[in-house]
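File shown: work11.txt. Contents: compact mmCIF, C-alpha atoms.
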# COMPACT_ATOMS: atom_id res chain seq x y z
CA MET A 1 59.05 0.57 -10.82
CA THR A 2 57.08 1.95 -13.75
CA GLU A 3 57.85 -1.22 -15.63
CA GLN A 4 56.04 -3.45 -13.15
CA PRO A 5 52.45 -3.27 -14.47
CA ALA A 6 53.69 -3.76 -18.03
CA LEU A 7 55.81 -6.72 -17.02
CA ALA A 8 52.85 -8.31 -15.21
CA SER A 9 50.70 -7.83 -18.32
CA TYR A 10 53.36 -9.40 -20.50
CA ALA A 11 53.74 -12.46 -18.26
CA LEU A 12 49.96 -12.76 -18.22
CA ARG A 13 49.79 -12.79 -22.02
CA LEU A 14 52.31 -15.59 -22.34
CA GLY A 15 50.72 -17.49 -19.47
CA ASP A 16 47.22 -17.17 -20.93
CA ASP A 17 48.41 -18.51 -24.30
CA ALA A 18 49.84 -21.57 -22.58
CA LEU A 19 46.85 -22.07 -20.28
CA ILE A 20 44.15 -21.82 -22.93
CA LEU A 21 45.97 -24.08 -25.40
CA SER A 22 46.59 -26.57 -22.60
CA GLN A 23 42.86 -26.65 -21.86
CA ARG A 24 42.03 -27.05 -25.57
CA LEU A 25 44.45 -29.94 -26.04
CA SER A 26 43.11 -31.62 -22.89
CA GLU A 27 39.78 -31.92 -24.70
CA TRP A 28 41.39 -34.64 -26.83
CA ILE A 29 41.87 -36.89 -23.82
CA SER A 30 39.79 -40.03 -24.38
CA ARG A 31 38.84 -38.76 -27.86
CA ALA A 32 42.07 -38.94 -29.89
CA PRO A 33 42.22 -41.29 -32.90
CA GLN A 34 44.56 -43.65 -31.04
CA LEU A 35 45.46 -44.25 -27.41
CA GLU A 36 49.04 -43.26 -28.22
CA GLU A 37 47.95 -39.87 -29.56
CA ASP A 38 45.73 -39.41 -26.53
CA VAL A 39 48.84 -39.59 -24.36
CA ALA A 40 50.86 -37.37 -26.71
CA MET A 41 48.22 -34.62 -26.57
CA ALA A 42 47.99 -34.92 -22.79
CA ASN A 43 51.77 -34.65 -22.47
CA ILE A 44 51.87 -31.51 -24.57
CA ALA A 45 48.96 -30.06 -22.60
CA LEU A 46 50.79 -30.78 -19.34
CA ASP A 47 53.96 -29.07 -20.58
CA LEU A 48 51.90 -26.00 -21.42
CA LEU A 49 50.12 -26.10 -18.08
CA GLY A 50 53.48 -26.09 -16.33
CA GLN A 51 54.53 -23.00 -18.29
CA ALA A 52 51.20 -21.34 -17.54
CA ARG A 53 51.47 -21.96 -13.80
CA THR A 54 54.89 -20.36 -13.53
CA LEU A 55 53.92 -17.41 -15.73
CA LEU A 56 50.60 -16.72 -13.99
CA THR A 57 52.19 -17.02 -10.55
CA TYR A 58 54.85 -14.57 -11.65
CA ALA A 59 52.29 -12.20 -13.17
CA GLY A 60 50.47 -12.19 -9.84
CA GLU A 61 53.67 -11.50 -7.90
CA VAL A 62 54.80 -8.66 -10.14
CA GLU A 63 51.32 -7.15 -10.13
CA GLY A 64 51.53 -7.03 -6.34
CA MET A 65 47.79 -7.27 -5.64
CA GLY A 66 48.01 -10.65 -3.96
CA ARG A 67 46.47 -12.64 -6.82
CA SER A 68 47.58 -16.28 -7.04
CA GLU A 69 47.82 -18.46 -10.16
CA ASP A 70 44.39 -19.88 -9.27
CA ASP A 71 42.84 -16.43 -8.88
CA LEU A 72 44.10 -15.55 -12.33
CA ALA A 73 43.11 -18.82 -13.97
CA TYR A 74 39.69 -19.34 -12.42
CA PHE A 75 38.34 -15.93 -11.49
CA ARG A 76 38.85 -13.83 -14.59
CA ASP A 77 36.20 -13.53 -17.31
CA ASP A 78 36.94 -13.77 -21.01
CA ARG A 79 37.39 -10.01 -21.40
CA GLN A 80 40.23 -10.16 -18.87
CA TYR A 81 42.05 -12.93 -20.71
CA ARG A 82 44.95 -11.85 -22.89
CA ASN A 83 45.59 -14.92 -25.05
CA LEU A 84 45.85 -15.01 -28.83
CA HIS A 85 42.81 -16.12 -30.81
CA MET A 86 44.84 -18.96 -32.30
CA VAL A 87 44.85 -20.91 -29.02
CA GLU A 88 41.15 -20.51 -28.24
CA LEU A 89 39.95 -21.83 -31.62
CA GLU A 90 37.89 -24.98 -31.34
CA ASN A 91 39.86 -28.16 -31.99
CA GLY A 92 38.05 -29.24 -35.16
CA ASP A 93 39.21 -32.62 -36.42
CA PHE A 94 42.64 -34.08 -35.65
CA ALA A 95 44.18 -32.45 -38.74
CA GLN A 96 42.96 -29.00 -37.69
CA THR A 97 44.41 -29.48 -34.22
CA ILE A 98 47.72 -30.48 -35.80
CA ALA A 99 47.59 -27.42 -38.07
CA ARG A 100 47.17 -25.17 -35.03
CA GLN A 101 49.93 -27.03 -33.20
CA LEU A 102 52.27 -26.47 -36.13
CA ALA A 103 51.44 -22.77 -36.37
CA PHE A 104 51.47 -22.03 -32.65
CA SER A 105 54.37 -24.18 -31.48
CA SER A 106 56.53 -22.78 -34.31
CA TYR A 107 55.71 -19.28 -33.08
CA GLN A 108 56.11 -20.21 -29.42
CA LEU A 109 59.49 -21.84 -30.01
CA GLU A 110 60.84 -18.74 -31.79
CA MET A 111 59.48 -16.61 -28.95
CA TYR A 112 60.99 -18.69 -26.13
CA LEU A 113 64.33 -18.94 -27.95
CA ALA A 114 64.50 -15.15 -27.99
CA LEU A 115 63.09 -14.77 -24.48
CA ARG A 116 65.97 -16.81 -23.04
CA ARG A 117 68.04 -13.63 -23.39
CA SER A 118 65.59 -11.56 -21.32
CA ARG A 119 67.10 -9.48 -18.52
CA ASP A 120 64.24 -10.72 -16.36
CA GLU A 121 65.50 -13.87 -14.64
CA THR A 122 62.10 -15.52 -14.23
CA LEU A 123 61.08 -15.02 -17.86
CA ALA A 124 64.49 -16.18 -19.07
CA GLY A 125 64.22 -19.21 -16.79
CA VAL A 126 60.74 -20.19 -18.00
CA ALA A 127 61.94 -19.79 -21.58
CA GLY A 128 65.04 -21.89 -21.03
CA LYS A 129 63.01 -24.82 -19.74
CA ALA A 130 60.19 -24.38 -22.25
CA VAL A 131 62.47 -24.42 -25.30
CA LYS A 132 63.07 -28.15 -24.89
CA GLU A 133 59.38 -28.86 -24.39
CA VAL A 134 58.18 -26.78 -27.32
CA THR A 135 60.88 -28.19 -29.59
CA TYR A 136 59.14 -31.51 -29.06
CA HIS A 137 55.67 -30.00 -29.61
CA ARG A 138 56.80 -28.57 -32.93
CA ASP A 139 58.38 -31.86 -33.95
CA HIS A 140 55.17 -33.73 -33.09
CA ALA A 141 53.10 -31.35 -35.21
CA THR A 142 55.65 -31.47 -38.04
CA GLN A 143 55.69 -35.27 -38.18
CA TRP A 144 51.90 -35.37 -38.38
CA THR A 145 51.67 -32.57 -40.94
CA LEU A 146 54.07 -34.45 -43.21
CA ARG A 147 52.20 -37.73 -42.85
CA LEU A 148 48.71 -36.32 -43.25
CA GLY A 149 49.66 -33.84 -45.99
CA ASP A 150 51.65 -36.34 -48.00
CA GLY A 151 49.36 -39.26 -47.09
CA THR A 152 46.07 -40.41 -48.56
CA GLU A 153 43.69 -38.25 -50.55
CA GLU A 154 41.43 -37.97 -47.50
CA SER A 155 44.19 -37.07 -45.05
CA ARG A 156 45.62 -34.51 -47.46
CA ARG A 157 42.22 -32.86 -47.94
CA ARG A 158 41.71 -32.64 -44.17
CA MET A 159 45.21 -31.34 -43.48
CA GLN A 160 44.85 -28.63 -46.10
CA ALA A 161 41.42 -27.71 -44.68
CA GLY A 162 42.96 -27.51 -41.19
CA ILE A 163 45.68 -25.17 -42.41
CA GLU A 164 43.08 -22.99 -44.17
CA ARG A 165 41.03 -22.83 -40.97
CA VAL A 166 43.83 -21.63 -38.68
CA TRP A 167 45.69 -19.43 -41.15
CA PRO A 168 43.63 -16.25 -40.62
CA TYR A 169 44.83 -16.26 -37.00
CA VAL A 170 48.54 -16.38 -37.85
CA ASP A 171 49.06 -12.63 -38.27
CA GLU A 172 47.90 -11.84 -34.73
CA MET A 173 50.77 -13.89 -33.30
CA PHE A 174 53.25 -11.45 -34.83
CA ARG A 175 51.57 -8.18 -33.94
CA SER A 176 53.23 -6.05 -31.36
CA ASP A 177 51.95 -3.13 -29.31
CA PRO A 178 53.58 -0.24 -27.38
CA LEU A 179 53.59 -2.25 -24.13
CA GLU A 180 55.54 -5.10 -25.69
CA GLN A 181 57.82 -2.79 -27.65
CA ALA A 182 58.75 -0.78 -24.55
CA LEU A 183 59.58 -3.95 -22.63
CA ALA A 184 61.52 -5.28 -25.60
CA ALA A 185 63.52 -2.06 -25.78
CA ASP A 186 64.49 -2.62 -22.14
CA GLY A 187 65.64 -6.13 -22.93
CA LEU A 188 62.83 -7.76 -20.94
CA ALA A 189 60.38 -8.97 -23.58
CA VAL A 190 60.43 -10.16 -27.19
CA ASP A 191 59.03 -7.99 -29.99
CA ALA A 192 56.80 -10.52 -31.77
CA ARG A 193 57.33 -8.84 -35.13
CA GLU A 194 60.90 -10.09 -35.17
CA LEU A 195 59.78 -13.71 -34.97
CA ARG A 196 58.00 -13.80 -38.31
CA PRO A 197 60.93 -14.55 -40.67
CA GLY A 198 62.00 -17.61 -38.67
CA TRP A 199 58.42 -18.82 -38.51
CA ASP A 200 57.82 -18.29 -42.24
CA GLU A 201 60.95 -20.19 -43.12
CA TYR A 202 60.19 -23.20 -40.91
CA VAL A 203 56.47 -23.53 -41.54
CA GLY A 204 56.93 -22.82 -45.24
CA ALA A 205 59.44 -25.66 -45.54
CA VAL A 206 57.12 -28.08 -43.71
CA LEU A 207 54.16 -27.18 -45.92
CA ARG A 208 56.22 -27.65 -49.06
CA GLN A 209 57.52 -31.01 -47.93
CA ALA A 210 54.00 -32.07 -46.97
CA THR A 211 52.82 -31.05 -50.50
CA LEU A 212 50.39 -28.57 -48.93
CA THR A 213 49.53 -25.14 -50.26
CA ARG A 214 50.18 -21.98 -48.30
CA PRO A 215 46.70 -20.44 -47.99
CA GLN A 216 45.76 -17.06 -49.43
CA THR A 217 43.17 -16.11 -46.84
CA ARG A 218 42.02 -12.95 -45.20
CA THR A 219 43.37 -12.04 -41.78
CA ALA A 220 41.11 -12.26 -38.74
CA PRO A 221 40.76 -9.01 -36.78
CA GLY A 222 42.54 -10.27 -33.67
CA GLY A 223 42.37 -8.35 -30.40
CA GLY A 224 43.11 -11.15 -27.95
CA ARG A 225 45.87 -9.15 -26.29
CA GLN A 226 43.32 -6.42 -25.55
CA GLY A 227 40.75 -8.85 -24.14
CA LEU A 228 38.56 -9.11 -27.26
CA HIS A 229 37.83 -12.76 -27.91
CA THR A 230 35.81 -15.10 -30.08
CA GLU A 231 32.75 -16.69 -28.52
CA GLN A 232 34.69 -19.97 -28.31
CA LEU A 233 36.66 -18.72 -25.31
CA GLY A 234 33.52 -18.26 -23.20
CA TYR A 235 32.57 -21.94 -23.53
CA LEU A 236 36.13 -23.02 -22.81
CA LEU A 237 36.29 -20.92 -19.64
CA GLY A 238 32.85 -22.12 -18.60
CA GLU A 239 34.13 -25.67 -18.52
CA MET A 240 37.55 -24.86 -17.09
CA GLN A 241 36.31 -22.57 -14.32
CA TYR A 242 33.08 -24.32 -13.36
CA LEU A 243 34.41 -26.37 -10.48
CA ALA A 244 36.54 -23.63 -8.94
CA ARG A 245 33.64 -21.18 -9.07
CA SER A 246 31.10 -23.64 -7.68
CA HIS A 247 33.34 -24.46 -4.75
CA PRO A 248 35.55 -21.39 -4.33
CA TYR A 249 38.94 -22.11 -2.81
CA SER A 250 38.21 -25.73 -2.00
CA ARG A 251 41.28 -27.88 -1.56
CA TRP A 252 41.58 -31.58 -2.28
CA MET B 1 46.47 -49.49 -45.94
CA SER B 2 44.61 -51.19 -43.13
CA ARG B 3 42.90 -49.01 -40.55
CA GLU B 4 44.91 -50.50 -37.69
CA TRP B 5 48.41 -49.24 -37.15
CA PRO B 6 51.10 -51.92 -36.83
CA LEU B 7 52.36 -53.01 -33.43
CA TRP B 8 55.85 -52.06 -32.23
CA GLU B 9 57.89 -53.53 -29.38
CA ILE B 10 59.69 -50.93 -27.29
CA PHE B 11 63.10 -51.24 -25.66
CA VAL B 12 64.42 -48.55 -23.33
CA ARG B 13 67.93 -48.12 -21.97
CA GLY B 14 67.76 -46.68 -18.50
CA ARG B 15 71.31 -45.43 -18.15
CA ARG B 16 74.55 -45.39 -20.04
CA GLY B 17 76.22 -48.77 -19.68
CA LEU B 18 72.98 -50.73 -19.24
CA SER B 19 71.32 -52.76 -21.97
CA HIS B 20 68.05 -51.87 -23.63
CA VAL B 21 65.21 -53.62 -21.81
CA HIS B 22 61.82 -54.52 -23.23
CA VAL B 23 59.22 -52.28 -21.60
CA GLY B 24 56.06 -52.92 -23.63
CA SER B 25 54.45 -52.35 -26.99
CA LEU B 26 52.39 -49.72 -28.79
CA HIS B 27 50.72 -48.92 -32.10
CA ALA B 28 52.15 -46.40 -34.54
CA ALA B 29 51.90 -45.65 -38.25
CA ASP B 30 55.65 -45.93 -38.83
CA ALA B 31 58.98 -46.19 -37.03
CA GLN B 32 59.48 -42.44 -36.52
CA MET B 33 56.05 -42.08 -34.95
CA ALA B 34 56.64 -45.21 -32.88
CA LEU B 35 59.75 -43.57 -31.42
CA ARG B 36 57.78 -40.49 -30.48
CA ASN B 37 54.90 -42.46 -29.00
CA ALA B 38 57.39 -44.51 -27.01
CA ARG B 39 58.91 -41.33 -25.65
CA ASP B 40 55.46 -40.22 -24.48
CA LEU B 41 54.35 -43.58 -23.10
CA TYR B 42 57.47 -45.06 -21.58
CA THR B 43 59.87 -42.26 -20.64
CA ARG B 44 57.51 -39.86 -18.86
CA ARG B 45 59.29 -40.34 -15.55
CA GLN B 46 62.86 -40.10 -16.81
CA GLU B 47 63.18 -43.83 -17.34
CA GLY B 48 65.45 -43.65 -20.33
CA VAL B 49 68.35 -42.24 -22.29
CA SER B 50 67.79 -44.29 -25.45
CA ILE B 51 64.84 -46.00 -27.14
CA TRP B 52 64.68 -48.80 -29.72
CA VAL B 53 61.48 -49.58 -31.57
CA VAL B 54 61.12 -52.90 -33.41
CA PRO B 55 58.18 -54.04 -35.56
CA ALA B 56 56.48 -56.75 -33.50
CA SER B 57 56.15 -58.78 -36.73
CA ALA B 58 59.98 -58.87 -37.00
CA ILE B 59 60.34 -60.77 -33.75
CA MET B 60 60.53 -64.56 -33.97
CA ALA B 61 59.48 -66.02 -30.62
CA SER B 62 60.01 -69.49 -29.20
CA SER B 63 56.73 -71.30 -28.76
CA PRO B 64 55.39 -72.72 -25.50
CA GLU B 65 55.19 -76.21 -27.04
CA GLU B 66 58.94 -76.16 -27.57
CA LYS B 67 59.57 -75.36 -23.93
CA ASP B 68 60.85 -78.80 -22.92
CA PRO B 69 63.27 -79.46 -25.79
CA PHE B 70 64.44 -75.86 -25.63
CA PHE B 71 65.02 -75.31 -21.95
CA ASP B 72 64.87 -78.51 -19.92
CA PRO B 73 68.20 -80.02 -21.07
CA ALA B 74 69.98 -77.13 -19.33
CA ALA B 75 68.50 -78.07 -15.96
CA ASP B 76 70.89 -80.92 -15.02
CA LYS B 77 74.11 -79.39 -16.32
CA ILE B 78 75.23 -77.78 -13.13
CA TYR B 79 78.83 -77.62 -14.39
CA ARG B 80 77.74 -74.75 -16.62
CA HIS B 81 77.34 -72.61 -13.54
CA PRO B 82 80.49 -71.29 -11.90
CA THR B 83 79.54 -72.68 -8.48
CA PHE B 84 82.66 -74.81 -7.80
CA TYR B 85 85.04 -71.99 -7.03
CA THR B 86 85.82 -70.98 -3.52
CA ILE B 87 85.69 -67.25 -3.32
CA PRO B 88 88.59 -65.65 -1.47
CA SER B 89 87.34 -63.87 1.61
CA GLU B 90 89.13 -60.68 0.50
CA ALA B 91 86.83 -60.41 -2.52
CA ARG B 92 83.66 -59.27 -0.90
CA HIS B 93 81.72 -57.85 -3.79
CA LEU B 94 81.80 -60.55 -6.39
Would you mind writing the structure in this file as structure tokens?
Amino acid sequence: MTEQPALASYALRLGDDALILSQRLSEWISRAPQLEEDVAMANIALDLLGQARTLLTYAGEVEGMGRSEDDLAYFRDDRQYRNLHMVELENGDFAQTIARQLAFSSYQLEMYLALRRSRDETLAGVAGKAVKEVTYHRDHATQWTLRLGDGTEESRRRMQAGIERVWPYVDEMFRSDPLEQALAADGLAVDARELRPGWDEYVGAVLRQATLTRPQTRTAPGGGRQGLHTEQLGYLLGEMQYLARSHPYSRW
Amino acid sequence: MSREWPLWEIFVRGRRGLSHVHVGSLHAADAQMALRNARDLYTRRQEGVSIWVVPASAIMASSPEEKDPFFDPAADKIYRHPTFYTIPSEARHL
């Protein structure tokens, strides 16, 4: 029973990552460089939204306070969100979005692959389904990184700039805290620190093949898992939550 | 390189045993990306198990002006259709 609050927090973290990135990617709809990419971004966003819905619903159930997925998505403020800074970063240009997709989906795939072995049936189930989806997300980002990085002078410059922009937020993805470590020790969660070697190997190989340089940048302070966020998240939530807060619990 | 991506024609096979069927076209920078775009555009509702992408420029099409010499001569050759066989009543599902 003592595990319950921790388990709810953990599900909330994973769900918030998926939800916030889904919202960010949705911003590309009607704005992507090509109609085809518009649809690709929307598809990826929808996959993530599906993961978020299951995880938030489950977080609410485990928490046992009667909060639904909508309560959690629409009626929490930024300080109550537990997502990584990586996913709340503004989109930037297409290359920057692809850089974030490469970094995050590579992390998320490693995480879900490991989470499939969780003793918790719901988490293992979400992970099992998500692995196929995120494998595609990572492939999409990889294909674009290779083409932009090893493309024209302009595309290469933008892709490198995108990588430089998101790189400071990489370390936070692989930080772990006592909550996560305790759950991992019980075979329920994944200790994010263990995911780094796989991520380094994959992303490193893609960057090399795309003739891009691995950045030497400082690390951003992080804190997303504790509810400390960049100002970008406030604007994102403002847009995402506006309708639900203006017309609470409307159905249509 | 021109700013416009080339056009690709997309063929999707719905199930094992069926042929690939033309479903539409899309723009993509190259064949690999065309495959991925086709997956997103044309197999969202589980329509397919296999996709072909073909550069639209590689397709040679018959022209409307050639319609008569191409297709009309087949109209009066009814013996090309297997319509002169009586089907045994036992064979219901031919």
Within 9 Å of chain A, which residues belong to chain B? Use all atoms listed in the file and report them as a PDB file with C-alpha atoms, keeping the file's coordinate frame.
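Okay, result.pdb is ready:
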ATOM      1  CA  LEU B  26      52.390 -49.720 -28.790  1.00  0.00           C
ATOM      2  CA  HIS B  27      50.720 -48.920 -32.100  1.00  0.00           C
ATOM      3  CA  ALA B  28      52.150 -46.400 -34.540  1.00  0.00           C
ATOM      4  CA  GLN B  32      59.480 -42.440 -36.520  1.00  0.00           C
ATOM      5  CA  MET B  33      56.050 -42.080 -34.950  1.00  0.00           C
ATOM      6  CA  ARG B  36      57.780 -40.490 -30.480  1.00  0.00           C
ATOM      7  CA  ASN B  37      54.900 -42.460 -29.000  1.00  0.00           C
ATOM      8  CA  ALA B  38      57.390 -44.510 -27.010  1.00  0.00           C
ATOM      9  CA  ASP B  40      55.460 -40.220 -24.480  1.00  0.00           C
ATOM     10  CA  LEU B  41      54.350 -43.580 -23.100  1.00  0.00           C
ATOM     11  CA  ARG B  44      57.510 -39.860 -18.860  1.00  0.00           C
TER      12      ARG B  44
END
Checklist entry - Within 9 Å of (44.9, -18.8, -11.7), only C-alpha atoms: residues as an NGL selection string? => result :A and (52-53 or 56-57 or 60 or 67-76)
Is there a way to get, as a CSV table (one decimal) with C-alpha atoms, keeping the file's coordinate frame, all residues within 10 Å of the point (63.2, -17.7, -25.1) in file coordinates, counting only C-alpha atoms?
chain,number,residue,atom,x,y,z
A,108,GLN,CA,56.1,-20.2,-29.4
A,109,LEU,CA,59.5,-21.8,-30.0
A,110,GLU,CA,60.8,-18.7,-31.8
A,111,MET,CA,59.5,-16.6,-29.0
A,112,TYR,CA,61.0,-18.7,-26.1
A,113,LEU,CA,64.3,-18.9,-28.0
A,114,ALA,CA,64.5,-15.2,-28.0
A,115,LEU,CA,63.1,-14.8,-24.5
A,116,ARG,CA,66.0,-16.8,-23.0
A,117,ARG,CA,68.0,-13.6,-23.4
A,118,SER,CA,65.6,-11.6,-21.3
A,123,LEU,CA,61.1,-15.0,-17.9
A,124,ALA,CA,64.5,-16.2,-19.1
A,125,GLY,CA,64.2,-19.2,-16.8
A,126,VAL,CA,60.7,-20.2,-18.0
A,127,ALA,CA,61.9,-19.8,-21.6
A,128,GLY,CA,65.0,-21.9,-21.0
A,129,LYS,CA,63.0,-24.8,-19.7
A,130,ALA,CA,60.2,-24.4,-22.2
A,131,VAL,CA,62.5,-24.4,-25.3
A,189,ALA,CA,60.4,-9.0,-23.6
A,190,VAL,CA,60.4,-10.2,-27.2
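Atom pair atom CA of His81 of chain B / atom CA of Ser62 of chain B has a distance of 23.6 Å (rounded to one decimal).
The space separating atom CA of Ser19 of chain B from atom CA of Arg39 of chain B comes to 17.3 Å.
Across A:Ile29, A:Ala6, A:Ala59, A:Ala99, the tightest approach to Leu179 of chain A is made by A:Ala6 when counting only C-alpha atoms.
Atom to atom, atom CA of Leu21 of chain A and atom CA of Pro5 of chain A stand 24.4 Å apart.
Close contacts of Ala210 of chain A, defined as residues with an atom at most 12 Å away when counting only C-alpha atoms, with chain neighbours fewer than 6 positions off set aside, comprise Ala99, Ala141, Thr142, Gln143, Trp144, Thr145, Leu146, Arg147, Leu148, Gly149, Asp150, Gly151, Thr152, Ser155, Arg156, Arg157, Met159, Gln160, Ile163, Val203 and Gly204 of chain A.
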request  = Would you list the contacts of Arg196 of chain A as a VMD selection string, taking every protein, DNA or RNA residue within 12 Å and counting all atoms listed in the file, but skipping same-chain residues closer than 2 positions in sequence?
outcome  = chain A and resid 103 to 104 106 to 111 170 to 176 190 to 194 198 to 204
Using all atoms listed in the file, the best pick from B:Gln46, B:Thr83, B:Ser63, B:Ser57 as closest to Leu7 of chain B would be B:Ser57
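Considering the residues B:Ala29, B:Ala75, B:Ile10, B:Leu18 and counting only C-alpha atoms, Val53 of chain B has its shortest atom-to-atom contact with B:Ile10.
The shell of residues at most 9 Å from Val23 of chain B, with all atoms listed in the file counted and near chain neighbours (fewer than 4 positions) removed, consists of Glu9, Ile10, Phe11, Val12 and Tyr42 of chain B.
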Of A:Pro168, A:Pro248, A:Gly187, A:Gly238, the one nearest to Gln23 of chain A when counting all atoms listed in the file is A:Gly238
